[in-house]
Amino acid sequence: MSTRTADIVFFLAFVSAFLCFSLQAAPGDGAGSLMLGCGSENEATDADGRKWLPDAKFISGSNSVQAEAQYQDPALGSEVPYMKARIFTSNATYKFPAKSKQRYFLRLHFYPSVYGSNNAEQAFFSVVANGITLLKNFSASITCKATTQAYIIREYSLAPLTQDDLEVTFSVDTGFAFVNGIELVAVPDGLFDKATLVGKPDESIDSKSSNLQTVYRLNVGGSFIPPTKDSASLGRAWYDDNAYIFGANVGIPDVADNTTKIEYENIPEYSAPVDVYTTARTMGPDKNININSNLTWVFNQVDTKYMYIVRLHFSDNANTKPNQVVFTIYINNQTAEPEADVIAWSGGMGKAVYKDYVTPLSEKSGGDLWLALHPNPDPMPEYYDSLLSGVEIFKIESSKSLAGPNPKPSDMLQKDEDEQKRSFETKKDTDKGSNKAHVIGGAAGGAAAAGVVAALCIAVYQRKKRVQGTESHSTSWLPIYGNSHTSGKSSSGKSHGSRHISSAAQGRCRRFSFAEMKQATKNFDEANVIGVGGFGKVYKGVIDNGATKVAIKKSNPQSEQGVNEFQTEIEMLSELRHKHLVSLIGFCEEDDEMCLVYDYMSRGTLREHIYKGNKTHLSWKQRLEICIGAAKGLHYLHTGARWTIIHRDVKTTNILLDENWEAKVSDFGLSKTGPDLNKGHVSTVVKGSFGYLDPEYFKRQQLTEKSDVYSFGVVLFEVLCARPALNPNLPKEQVSLADWALHCQKKGILEDIIDPHLKGKVNMESIKKFADTAEKCLSECGVDRPSLNDILWNLEFSLQLQEGTDGVSTRSGSRTRSDSDDASLRNQEMMAIHYSNLSLGSESDLGEVQPSSSSDNNEAAPDSDSAIFSQIVNPTGR
Ligand SMILES: *[C@@H]1O[C@H](CO)[C@@H](O)[C@H](O)[C@H]1NC(C)=O
């Protein structure tokens with residue numbers, strides 16, 4: 001983490017806001033639909049182009065005020081409707097025109113912030129719609145904190161109305177009441193009908209006349225579907241299911257091939273969008289594994305003492321006949337459906353169908369709702385498999401109420417919050433008069449936010465362990481997270497073995513005594529400090545009687561984050577050896593002292609050489625070579641190691657340079673092992689540095705290697721424009737480099753913002769190629785971003801173009817590939833032939849000529865992709 005205050009402020013604000021929900025809301029084209037920006041005087045358009053109307057004319061009573069949030073949480077993405085609020089100081093009622101006998105979705109949007117003198121932390125209120133209590137003594141602030149969201153959207157499905165209007169009353173329990181946005185969407189009649197009782201397959205309840213609250217809505221095996229893409233303009237958001245899948249067998253996401261067209265023969269099209277039925281999760285090809293396992297989802301934080309409708313969406317896009325796949329559906333350990341046969345239900349391949357089940361949730365459940373699918377061998381189906389395309393969970397009104405208690409933050413979060421408060425107090429003292437304190441206060445997070453994150457990792461891990469009763473195999477994380485918790489408290493630390501580090505890792509690197517560390521750094525002399533990282537200071541030092549220069553990272557023993565990151569880094573780095581990764585020489589662990597010992601990178605960070613400090617300006621060619629080196633390091637992390645490793649904190653201060661200007665990627669404290677074969681991504685809490693954060697990761701907490709690609713795109717623009725990723729001193733539209741560079745690129749004026757030191761000395765084609773590559777890295781959706789392999793190709797090509805301009809090929813001695821490769825790569829003509837055969841703009845074209853991925857343990861892509869290189873550069877082959 002950066003030490004710059006601005007960075008920290010943004011970072012904290014951001015951390016406080018992970019797990020945010022999408023901003024998109026109902027388009028509300030249908031009759032009887034309404035979207036209100038509460039507290040807004042004029043019609044306003046949100047980031048998705050939808051219009052929100054002013055709310056004033058619907059309110060009766062004069063006890064409300066319009067207010068504006070003091071702080072815009074970066075997770076908001078769209079100001080509308082969240083930055084404005086309607087504040088109620090006493091009870092007030094909205095009266096909406098509506099049709100009787102019509103079912104409606106009512107969505108309430110809350111952004112707990114500071115509104116003038118009204119701090120949402122003090123607001124506890126109730127909401128009643130046509131006599132149904134939706135919220136009682138509700139605190140949006142507590143709810144957001146416990147669920148670590150910046151804002152919340154509550155969706156209710158109100159039973160067909162008995163009169164021609166809908167009254168929604170806000171009443172104050174403590175402090176005041178507020179709301180930011182209200183949506184009212186007419187729902188087709190047939191959306192709810194009846195649901196089968198779990199455990200009693202012959203009994204069902206009537207859901208036609210039920211008031212419901214949506215608790216979960218997932219596109220299983222698929223990706224997020226925003227409200228704008230919902231069917232029948234109902235404005236529902238469908239999240240992906242990765243965060244809820246549980247157990248040893250997580251199944252595999254399945255996508256129907258292009259020829260399978262989803263048909264709505266059994267159910268209306270408004271039931272769910274096509275995308276829900278196109279994708280599914282199935283168990284995988286191994287019969288023996290499948291018959292011995294369940295495909296399981298756990299939905300937590302579900303209010304107990306209510307009944308729930310569990311709606312399961314299916315479309316079998318692979319089989320054609322009944323009895324090919326038959327499975328049992330369990331909900332909360334009870335049989336909901338003994339023999340589910342999707343084809344038998346739907347009548348054929350690609351035909352959509354859904355089933356509704358109803359189950360109570362007792363207090364014993366601890367608020368967890370379980371769904372499990374298991375192949376049923378009894379009817380002797382052709383395959384042992386099970387599948388699911390989508391799931392929705394609705395809470396059913398009981399005694400005219402849908403309200404639940406405010407969630408309790410976990411102990412860990414609570415502890416961290418106390419810490420935050422403390423550090424906030426300290427911060428205030430040191431920051432008096434500065435408005436930064438304000439910003440920190442406004443953000444729900446705090447100075448210990450990074451600690452919150454670490455704590456959460458452990459909390460989640462523990463939860464999984466508790467419910468399974470044994471070591472969880474479902475986690476794709478490195479075992480260190482678990483170890484740190486189970487073994488961290490035990491031994492004295494004086495023993496020879498490390499408390500925290502696996503013996504394998506210990507075997508791979510040197511162990512130093514604390515005395516040696518003291519000697520190396522002149523007793524940790526402040527004069528030797530070369531950096532301050534997330535978990536402590538970094539010192540310059542010498543070991544082996546002065547023979548080897550090293551960088552020593554000393555952890556702050558008080559920091560839990562420190563311990564975790566320390567371990568992550570040792571476990572990862574000790575196994576990873578690559579020319580473009582900083583190498584770990586060893587570590588020291590004695591009593592409470594922990595140090596990591598690295599190769600010393602004499603030229604410091606990339607940032608220092610592009611705009612920080614008075615160092616000499618790097619030539620364009622040097623910059624390209626450095627970017628290529630860093631890309632190779634990252635490529636290796638993504639594809640070369642045993643696991644996919646996602647760096648998570650790619651930025652110019654984590655790219656270091658040795659005396660030969662060789663780039664090395666550093667700082668794996670935040671790294672996570674990435675998607676395994678079965679999972680598209682790691683669902684996780686958001687970490688990283690503001691200004692470099694993948695907006696998709698940010699919105700949806702899904703980590704893929706494409707998140708690193710996004711950050712790397714920011715690095716590329718930083719190198720090109722010689723300015724920081726975030727510069728709060730600039731005019732608003734220029735603060736974020738990613739936004740500003742994309743804007744300029746689109747306008748065709750990027751040339752105006754490139755580093756003036758480059759002007760006149762560079763090949764503009766090379767710059768263009770480079771900028772195009774960076775632009776693609778910043779694509780909104782991860783899937784549209786290039787892989788690091790593609791990036792490498794493009795950067796290499798950019799370098800070729802520049803070298804063509806420079807005349808003779810004079811690469812610095814620091815090039816990493818072998819001389820023969822180097823020589824052949826210089827053959828610009830051949831590269832040009834290669835590229836003229838490829839559509840550079842198209843990833844898929846590039847993809848066709850690439851081998852699947854590098855598995856070479858020592859080298860990054862192009863080195864190991866020598867097959868392609870030789871194809872390109874070896875004219876004799878033609
Ligand atoms: C599958 O789930 C059911 C219901 O929760 C449980 O009874 C059964 O033991 C599970 N089977 C396996 C193999 O985990």
# chains A, B, ... in the order shown; residues from 1 in each chain; ligands from 1
$ select_by_dssp --residues "stretch 105-319 of chain A" --states "alpha helix (DSSP H)" --output "ChimeraX atom specification"
/A:140-147,274-278,287-291
$ write_last_selection --atoms "all heavy atoms" --output "short mmCIF file (atom, residue, chain, number, x, y, z; two decimals), in the first residue's frame"
data_model
loop_
_atom_site.label_atom_id
_atom_site.label_comp_id
_atom_site.auth_asym_id
_atom_site.auth_seq_id
_atom_site.Cartn_x
_atom_site.Cartn_y
_atom_site.Cartn_z
N ALA A 140 -29.22 1.40 7.67
CA ALA A 140 -28.51 1.15 6.41
C ALA A 140 -27.01 1.14 6.66
O ALA A 140 -26.26 0.39 6.04
CB ALA A 140 -28.87 2.23 5.39
N SER A 141 -26.61 1.95 7.62
CA SER A 141 -25.19 2.06 7.92
C SER A 141 -24.63 0.75 8.47
O SER A 141 -23.62 0.23 8.01
CB SER A 141 -25.00 3.21 8.90
OG SER A 141 -23.68 3.29 9.31
N ILE A 142 -25.33 0.19 9.47
CA ILE A 142 -24.88 -1.07 10.05
C ILE A 142 -24.92 -2.18 9.00
O ILE A 142 -24.01 -3.00 8.89
CB ILE A 142 -25.77 -1.45 11.27
CG1 ILE A 142 -25.51 -0.46 12.40
CG2 ILE A 142 -25.50 -2.89 11.73
CD1 ILE A 142 -26.42 -0.68 13.62
N THR A 143 -26.00 -2.19 8.23
CA THR A 143 -26.14 -3.24 7.22
C THR A 143 -25.01 -3.17 6.20
O THR A 143 -24.42 -4.18 5.83
CB THR A 143 -27.51 -3.12 6.51
OG1 THR A 143 -28.52 -3.06 7.50
CG2 THR A 143 -27.76 -4.30 5.61
N CYS A 144 -24.71 -1.97 5.77
CA CYS A 144 -23.62 -1.83 4.80
C CYS A 144 -22.29 -2.24 5.39
O CYS A 144 -21.48 -2.87 4.74
CB CYS A 144 -23.54 -0.38 4.30
SG CYS A 144 -24.65 -0.06 2.93
N LYS A 145 -22.08 -1.85 6.63
CA LYS A 145 -20.81 -2.19 7.26
C LYS A 145 -20.66 -3.70 7.41
O LYS A 145 -19.61 -4.26 7.09
CB LYS A 145 -20.70 -1.53 8.62
CG LYS A 145 -19.84 -0.28 8.54
CD LYS A 145 -19.69 0.36 9.90
CE LYS A 145 -19.64 1.86 9.73
NZ LYS A 145 -20.01 2.57 10.93
N ALA A 146 -21.72 -4.34 7.88
CA ALA A 146 -21.62 -5.78 8.11
C ALA A 146 -21.44 -6.54 6.81
O ALA A 146 -20.80 -7.58 6.76
CB ALA A 146 -22.86 -6.27 8.84
N THR A 147 -22.05 -6.02 5.75
CA THR A 147 -21.93 -6.73 4.49
C THR A 147 -20.86 -6.09 3.60
O THR A 147 -20.69 -6.49 2.46
CB THR A 147 -23.28 -6.73 3.74
OG1 THR A 147 -23.75 -5.38 3.69
CG2 THR A 147 -24.31 -7.57 4.46
N VAL A 274 -32.44 -15.03 -21.26
CA VAL A 274 -31.82 -16.15 -21.98
C VAL A 274 -30.47 -16.55 -21.37
O VAL A 274 -30.17 -17.73 -21.22
CB VAL A 274 -31.64 -15.77 -23.47
CG1 VAL A 274 -30.83 -16.84 -24.21
CG2 VAL A 274 -33.00 -15.59 -24.13
N ASP A 275 -29.69 -15.53 -20.99
CA ASP A 275 -28.36 -15.82 -20.45
C ASP A 275 -28.39 -16.73 -19.23
O ASP A 275 -27.45 -17.49 -18.99
CB ASP A 275 -27.64 -14.51 -20.05
CG ASP A 275 -27.03 -13.83 -21.26
OD1 ASP A 275 -27.13 -14.41 -22.37
OD2 ASP A 275 -26.47 -12.73 -21.10
N VAL A 276 -29.45 -16.65 -18.46
CA VAL A 276 -29.54 -17.52 -17.28
C VAL A 276 -29.60 -18.98 -17.72
O VAL A 276 -28.93 -19.85 -17.17
CB VAL A 276 -30.77 -17.16 -16.41
CG1 VAL A 276 -31.02 -18.23 -15.35
CG2 VAL A 276 -30.57 -15.80 -15.75
N TYR A 277 -30.37 -19.22 -18.79
CA TYR A 277 -30.56 -20.61 -19.23
C TYR A 277 -29.43 -21.10 -20.15
O TYR A 277 -29.27 -22.29 -20.35
CB TYR A 277 -31.91 -20.76 -19.92
CG TYR A 277 -33.06 -20.47 -18.98
CD1 TYR A 277 -33.84 -19.32 -19.10
CD2 TYR A 277 -33.35 -21.34 -17.93
CE1 TYR A 277 -34.87 -19.05 -18.23
CE2 TYR A 277 -34.37 -21.08 -17.03
CZ TYR A 277 -35.14 -19.94 -17.19
OH TYR A 277 -36.15 -19.67 -16.31
N THR A 278 -28.70 -20.14 -20.70
CA THR A 278 -27.60 -20.54 -21.59
C THR A 278 -26.46 -21.14 -20.78
O THR A 278 -25.75 -22.03 -21.24
CB THR A 278 -27.08 -19.30 -22.36
OG1 THR A 278 -28.18 -18.62 -22.92
CG2 THR A 278 -26.14 -19.72 -23.48
N LYS A 287 -17.86 -39.87 -13.48
CA LYS A 287 -18.98 -40.59 -12.86
C LYS A 287 -18.73 -40.92 -11.39
O LYS A 287 -19.58 -40.71 -10.53
CB LYS A 287 -19.12 -41.90 -13.63
CG LYS A 287 -20.51 -42.36 -13.92
CD LYS A 287 -20.43 -43.64 -14.77
CE LYS A 287 -21.58 -44.55 -14.39
NZ LYS A 287 -22.67 -44.57 -15.35
N ASN A 288 -17.53 -41.44 -11.12
CA ASN A 288 -17.24 -41.90 -9.76
C ASN A 288 -17.14 -40.75 -8.77
O ASN A 288 -17.58 -40.87 -7.63
CB ASN A 288 -15.95 -42.71 -9.75
CG ASN A 288 -16.10 -43.97 -10.57
OD1 ASN A 288 -17.16 -44.60 -10.56
ND2 ASN A 288 -15.06 -44.31 -11.31
N ILE A 289 -16.58 -39.67 -9.23
CA ILE A 289 -16.53 -38.50 -8.35
C ILE A 289 -17.94 -37.99 -8.13
O ILE A 289 -18.35 -37.71 -7.00
CB ILE A 289 -15.64 -37.40 -8.98
CG1 ILE A 289 -14.18 -37.85 -8.97
CG2 ILE A 289 -15.80 -36.08 -8.22
CD1 ILE A 289 -13.22 -36.85 -9.57
N ASN A 290 -18.70 -37.90 -9.20
CA ASN A 290 -20.04 -37.31 -9.09
C ASN A 290 -20.94 -38.09 -8.12
O ASN A 290 -21.65 -37.49 -7.32
CB ASN A 290 -20.71 -37.25 -10.46
CG ASN A 290 -20.00 -36.27 -11.38
OD1 ASN A 290 -19.08 -35.57 -10.95
ND2 ASN A 290 -20.40 -36.22 -12.63
N ILE A 291 -20.87 -39.42 -8.22
CA ILE A 291 -21.79 -40.21 -7.41
C ILE A 291 -21.44 -40.11 -5.93
O ILE A 291 -22.25 -40.33 -5.05
CB ILE A 291 -21.84 -41.68 -7.89
CG1 ILE A 291 -23.09 -42.39 -7.37
CG2 ILE A 291 -20.58 -42.43 -7.50
CD1 ILE A 291 -24.38 -41.87 -7.93
#
$ residues_around --residues "A:Phe299" --least-positions-apart "4" --cutoff "9 Å" --atoms "only C-alpha atoms" --output "JSON, numbers by chain"
{"A": [216, 244, 245, 367, 368, 369, 370, 371]}
$ write_last_selection --atoms "C-alpha atoms" --output "compact mmCIF listing (two decimals), in the first residue's frame"
# COMPACT_ATOMS: atom_id res chain seq x y z
CA TYR A 216 -30.61 -13.92 -3.66
CA TYR A 244 -21.85 -19.39 -2.86
CA ILE A 245 -20.65 -22.64 -4.31
CA GLY A 367 -28.96 -18.12 8.96
CA ASP A 368 -27.47 -20.46 6.37
CA LEU A 369 -29.66 -21.86 3.64
CA TRP A 370 -28.25 -24.95 1.91
CA LEU A 371 -28.94 -26.25 -1.54
$ residues_near_ligand --ligand "ligand 1" --cutoff "8 Å" --atoms "only C-alpha atoms and all ligand atoms" --output "list in words"
Ile291, Asn292, Ser293, Asn294, Leu295, Thr296, Tyr330, Ile331, Asn332, Asn333, Gln334, Thr335, Trp370, Leu371, Ala372, Leu373 and His374 of chain A
$ write_last_selection --atoms "C-alpha atoms" --output "tab-separated table (two decimals), in the first residue's frame"
chain	number	residue	atom	x	y	z
A	291	ILE	CA	-21.79	-40.21	-7.41
A	292	ASN	CA	-19.77	-39.57	-4.27
A	293	SER	CA	-20.31	-35.87	-4.07
A	294	ASN	CA	-22.88	-33.10	-4.02
A	295	LEU	CA	-23.02	-29.90	-5.94
A	296	THR	CA	-23.65	-27.54	-3.03
A	330	TYR	CA	-31.86	-31.22	-1.20
A	331	ILE	CA	-32.75	-27.98	0.51
A	332	ASN	CA	-31.54	-27.61	4.09
A	333	ASN	CA	-30.73	-31.32	4.27
A	334	GLN	CA	-34.25	-32.32	3.27
A	335	THR	CA	-35.32	-33.83	0.00
A	370	TRP	CA	-28.25	-24.95	1.91
A	371	LEU	CA	-28.94	-26.25	-1.54
A	372	ALA	CA	-27.40	-29.53	-2.67
A	373	LEU	CA	-27.77	-31.62	-5.83
A	374	HIS	CA	-26.80	-35.28	-5.95
$ residues_around --residues "A:Glu79" --least-positions-apart "5" --cutoff "10 Å" --atoms "only C-alpha atoms" --output "compact mmCIF listing (two decimals) with N, CA, C and O atoms, in the first residue's frame"
# COMPACT_ATOMS: atom_id res chain seq x y z
N LEU A 23 -25.10 -0.77 -9.82
CA LEU A 23 -25.88 0.45 -9.76
C LEU A 23 -27.12 0.41 -10.63
O LEU A 23 -28.00 1.22 -10.50
N ALA A 44 -32.85 13.18 -13.47
CA ALA A 44 -31.42 12.94 -13.56
C ALA A 44 -31.17 11.59 -14.22
O ALA A 44 -31.98 10.67 -14.10
N THR A 45 -30.05 11.51 -14.92
CA THR A 45 -29.74 10.29 -15.66
C THR A 45 -28.59 9.57 -14.99
O THR A 45 -27.59 10.19 -14.65
N ASP A 46 -28.72 8.27 -14.79
CA ASP A 46 -27.63 7.54 -14.15
C ASP A 46 -26.59 7.09 -15.17
O ASP A 46 -26.72 7.37 -16.36
N ALA A 47 -25.56 6.40 -14.68
CA ALA A 47 -24.45 6.01 -15.54
C ALA A 47 -24.90 5.10 -16.68
O ALA A 47 -24.21 4.98 -17.69
N ALA A 69 -25.15 13.95 -0.40
CA ALA A 69 -24.11 13.25 0.36
C ALA A 69 -22.83 14.06 0.33
O ALA A 69 -22.47 14.66 -0.68
N GLN A 72 -18.53 11.05 -1.94
CA GLN A 72 -18.90 10.08 -2.97
C GLN A 72 -18.00 8.86 -2.88
O GLN A 72 -16.82 8.92 -3.22
N ASP A 73 -18.55 7.81 -2.40
CA ASP A 73 -17.77 6.58 -2.32
C ASP A 73 -17.41 6.13 -3.73
O ASP A 73 -18.26 6.09 -4.60
N PRO A 74 -16.13 5.80 -3.93
CA PRO A 74 -15.73 5.42 -5.29
C PRO A 74 -16.54 4.22 -5.82
O PRO A 74 -16.65 4.04 -7.02
N LYS A 84 -27.87 12.02 -3.89
CA LYS A 84 -28.95 12.84 -3.31
C LYS A 84 -29.83 11.94 -2.46
O LYS A 84 -29.96 10.75 -2.74
$ residues_around --residues "stretch 619-634 of chain A" --least-positions-apart "2" --cutoff "8 Å" --atoms "only C-alpha atoms" --output "PyMOL selection string"
chain A and resi 578-581+617+636-638+647+655+661-665+716+719+758+761-762+788+791-792+795-796+798-799+802-803+815+859-861
$ residues_around --residues "A:Ser583" --least-positions-apart "6" --cutoff "10 Å" --atoms "only C-alpha atoms" --output "list in words"
Leu573, Ser574, Glu575, Leu576, Arg577, Val597, Tyr598, Asp599, Tyr600, Lys664, Val665 and Ser666 of chain A
$ closest_residue --among "A:Glu43, A:Glu659, A:Glu765, A:Asp356" --to "A:Leu312" --atoms "only C-alpha atoms"
A:Asp356
$ residues_around --residues "stretch 262-267 of chain A" --least-positions-apart "6" --cutoff "12 Å" --atoms "only C-alpha atoms" --output "mmCIF file with N, CA, C and O atoms, in the first residue's frame"
data_model
loop_
_atom_site.group_PDB
_atom_site.id
_atom_site.type_symbol
_atom_site.label_atom_id
_atom_site.label_comp_id
_atom_site.auth_asym_id
_atom_site.auth_seq_id
_atom_site.Cartn_x
_atom_site.Cartn_y
_atom_site.Cartn_z
ATOM 1 N N GLY A 190 -48.056 -13.852 -13.879
ATOM 2 C CA GLY A 190 -47.692 -15.256 -13.705
ATOM 3 C C GLY A 190 -46.375 -15.499 -13.011
ATOM 4 O O GLY A 190 -45.927 -16.634 -12.894
ATOM 5 N N LEU A 191 -45.703 -14.438 -12.542
ATOM 6 C CA LEU A 191 -44.354 -14.654 -12.012
ATOM 7 C C LEU A 191 -44.361 -15.547 -10.768
ATOM 8 O O LEU A 191 -43.415 -16.272 -10.513
ATOM 9 N N PHE A 192 -45.439 -15.476 -9.988
ATOM 10 C CA PHE A 192 -45.543 -16.370 -8.833
ATOM 11 C C PHE A 192 -46.869 -17.110 -8.873
ATOM 12 O O PHE A 192 -47.896 -16.529 -9.204
ATOM 13 N N ASP A 193 -46.807 -18.389 -8.545
ATOM 14 C CA ASP A 193 -48.024 -19.191 -8.606
ATOM 15 C C ASP A 193 -48.112 -20.107 -7.387
ATOM 16 O O ASP A 193 -48.827 -19.836 -6.432
ATOM 17 N N VAL A 255 -21.516 -23.735 -20.837
ATOM 18 C CA VAL A 255 -22.209 -22.785 -21.708
ATOM 19 C C VAL A 255 -22.754 -23.560 -22.895
ATOM 20 O O VAL A 255 -22.042 -24.376 -23.488
ATOM 21 N N ALA A 256 -23.995 -23.316 -23.209
ATOM 22 C CA ALA A 256 -24.590 -23.985 -24.369
ATOM 23 C C ALA A 256 -23.832 -23.572 -25.621
ATOM 24 O O ALA A 256 -23.389 -22.427 -25.718
ATOM 25 N N PRO A 273 -33.839 -14.042 -18.032
ATOM 26 C CA PRO A 273 -33.266 -13.787 -19.358
ATOM 27 C C PRO A 273 -32.596 -15.039 -19.953
ATOM 28 O O PRO A 273 -32.229 -15.961 -19.222
ATOM 29 N N VAL A 274 -32.436 -15.029 -21.258
ATOM 30 C CA VAL A 274 -31.824 -16.151 -21.979
ATOM 31 C C VAL A 274 -30.471 -16.547 -21.373
ATOM 32 O O VAL A 274 -30.169 -17.727 -21.222
ATOM 33 N N ASP A 275 -29.690 -15.528 -20.987
ATOM 34 C CA ASP A 275 -28.356 -15.816 -20.450
ATOM 35 C C ASP A 275 -28.386 -16.735 -19.228
ATOM 36 O O ASP A 275 -27.453 -17.488 -18.991
ATOM 37 N N VAL A 276 -29.451 -16.653 -18.456
ATOM 38 C CA VAL A 276 -29.536 -17.521 -17.279
ATOM 39 C C VAL A 276 -29.598 -18.977 -17.725
ATOM 40 O O VAL A 276 -28.932 -19.853 -17.168
ATOM 41 N N TYR A 277 -30.372 -19.225 -18.789
ATOM 42 C CA TYR A 277 -30.557 -20.608 -19.231
ATOM 43 C C TYR A 277 -29.430 -21.095 -20.146
ATOM 44 O O TYR A 277 -29.267 -22.289 -20.345
ATOM 45 N N THR A 278 -28.701 -20.139 -20.704
ATOM 46 C CA THR A 278 -27.596 -20.537 -21.588
ATOM 47 C C THR A 278 -26.459 -21.145 -20.783
ATOM 48 O O THR A 278 -25.754 -22.035 -21.240
ATOM 49 N N THR A 279 -26.276 -20.639 -19.571
ATOM 50 C CA THR A 279 -25.183 -21.148 -18.749
ATOM 51 C C THR A 279 -25.743 -21.987 -17.601
ATOM 52 O O THR A 279 -26.883 -21.806 -17.184
ATOM 53 N N HIS A 313 -33.865 -22.585 -11.619
ATOM 54 C CA HIS A 313 -34.030 -22.487 -13.076
ATOM 55 C C HIS A 313 -33.168 -23.548 -13.754
ATOM 56 O O HIS A 313 -31.994 -23.732 -13.373
ATOM 57 N N PHE A 314 -33.714 -24.210 -14.738
ATOM 58 C CA PHE A 314 -32.966 -25.238 -15.464
ATOM 59 C C PHE A 314 -33.145 -25.104 -16.966
ATOM 60 O O PHE A 314 -34.212 -24.699 -17.447
ATOM 61 N N SER A 315 -32.098 -25.503 -17.679
ATOM 62 C CA SER A 315 -32.235 -25.819 -19.086
ATOM 63 C C SER A 315 -31.109 -26.798 -19.368
ATOM 64 O O SER A 315 -29.939 -26.486 -19.161
ATOM 65 N N ASP A 316 -31.443 -28.005 -19.780
ATOM 66 C CA ASP A 316 -30.402 -28.969 -20.106
ATOM 67 C C ASP A 316 -30.003 -28.747 -21.557
ATOM 68 O O ASP A 316 -30.798 -28.988 -22.466
ATOM 69 N N ASN A 317 -28.790 -28.243 -21.750
ATOM 70 C CA ASN A 317 -28.359 -27.887 -23.097
ATOM 71 C C ASN A 317 -27.438 -28.944 -23.697
ATOM 72 O O ASN A 317 -26.783 -28.699 -24.703
ATOM 73 N N ALA A 318 -27.365 -30.111 -23.051
ATOM 74 C CA ALA A 318 -26.467 -31.149 -23.550
ATOM 75 C C ALA A 318 -27.198 -32.451 -23.847
ATOM 76 O O ALA A 318 -26.805 -33.202 -24.729
ATOM 77 N N VAL A 342 -34.492 -32.910 -15.836
ATOM 78 C CA VAL A 342 -34.783 -31.637 -16.508
ATOM 79 C C VAL A 342 -35.425 -31.861 -17.869
ATOM 80 O O VAL A 342 -36.398 -31.191 -18.235
ATOM 81 N N ILE A 343 -34.911 -32.830 -18.621
ATOM 82 C CA ILE A 343 -35.479 -33.083 -19.957
ATOM 83 C C ILE A 343 -36.931 -33.561 -19.845
ATOM 84 O O ILE A 343 -37.803 -33.130 -20.615
ATOM 85 N N ALA A 344 -37.186 -34.411 -18.856
ATOM 86 C CA ALA A 344 -38.559 -34.885 -18.672
ATOM 87 C C ALA A 344 -39.492 -33.728 -18.328
ATOM 88 O O ALA A 344 -40.635 -33.678 -18.778
ATOM 89 N N TRP A 345 -38.977 -32.787 -17.556
ATOM 90 C CA TRP A 345 -39.790 -31.618 -17.189
ATOM 91 C C TRP A 345 -40.027 -30.695 -18.380
ATOM 92 O O TRP A 345 -41.110 -30.187 -18.577
ATOM 93 N N SER A 346 -38.933 -30.450 -19.120
ATOM 94 C CA SER A 346 -38.978 -29.367 -20.106
ATOM 95 C C SER A 346 -39.403 -29.844 -21.482
ATOM 96 O O SER A 346 -39.893 -29.061 -22.291
ATOM 97 N N GLY A 347 -39.177 -31.127 -21.764
ATOM 98 C CA GLY A 347 -39.579 -31.649 -23.068
ATOM 99 C C GLY A 347 -38.478 -31.625 -24.108
ATOM 100 O O GLY A 347 -38.731 -31.921 -25.263
ATOM 101 N N GLY A 348 -37.272 -31.259 -23.729
ATOM 102 C CA GLY A 348 -36.196 -31.353 -24.713
ATOM 103 C C GLY A 348 -35.019 -30.461 -24.406
ATOM 104 O O GLY A 348 -35.035 -29.664 -23.463
ATOM 105 N N MET A 349 -34.002 -30.623 -25.234
ATOM 106 C CA MET A 349 -32.771 -29.862 -25.046
ATOM 107 C C MET A 349 -33.040 -28.365 -25.238
ATOM 108 O O MET A 349 -33.791 -27.975 -26.129
ATOM 109 N N GLY A 350 -32.411 -27.573 -24.393
ATOM 110 C CA GLY A 350 -32.490 -26.119 -24.559
ATOM 111 C C GLY A 350 -33.848 -25.525 -24.199
ATOM 112 O O GLY A 350 -34.119 -24.377 -24.538
ATOM 113 N N LYS A 351 -34.682 -26.303 -23.543
ATOM 114 C CA LYS A 351 -35.990 -25.750 -23.161
ATOM 115 C C LYS A 351 -35.971 -25.341 -21.696
ATOM 116 O O LYS A 351 -35.673 -26.138 -20.813
ATOM 117 N N ALA A 352 -36.303 -24.072 -21.482
ATOM 118 C CA ALA A 352 -36.188 -23.508 -20.135
ATOM 119 C C ALA A 352 -37.351 -23.946 -19.252
ATOM 120 O O ALA A 352 -38.483 -24.109 -19.712
ATOM 121 N N VAL A 353 -37.026 -24.151 -17.978
ATOM 122 C CA VAL A 353 -38.062 -24.527 -17.024
ATOM 123 C C VAL A 353 -37.597 -24.069 -15.636
ATOM 124 O O VAL A 353 -36.395 -23.915 -15.402
ATOM 125 N N TYR A 354 -38.541 -23.778 -14.752
ATOM 126 C CA TYR A 354 -38.117 -23.526 -13.374
ATOM 127 C C TYR A 354 -39.056 -24.229 -12.409
ATOM 128 O O TYR A 354 -40.186 -24.598 -12.774
ATOM 129 N N LYS A 355 -38.570 -24.444 -11.188
ATOM 130 C CA LYS A 355 -39.367 -25.110 -10.152
ATOM 131 C C LYS A 355 -39.268 -24.307 -8.859
ATOM 132 O O LYS A 355 -38.182 -23.822 -8.522
#
$ atom_distance --atom1 "atom CA of A:Asn300" --atom2 "atom CA of A:Ile393"
11.5 Å
$ residues_around --residues "stretch 64-68 of chain A" --least-positions-apart "5" --cutoff "12 Å" --atoms "only C-alpha atoms" --output "number ranges by chain"
A: 37-42, 54-56, 59, 79-94, 111-120, 170-172, 176-180
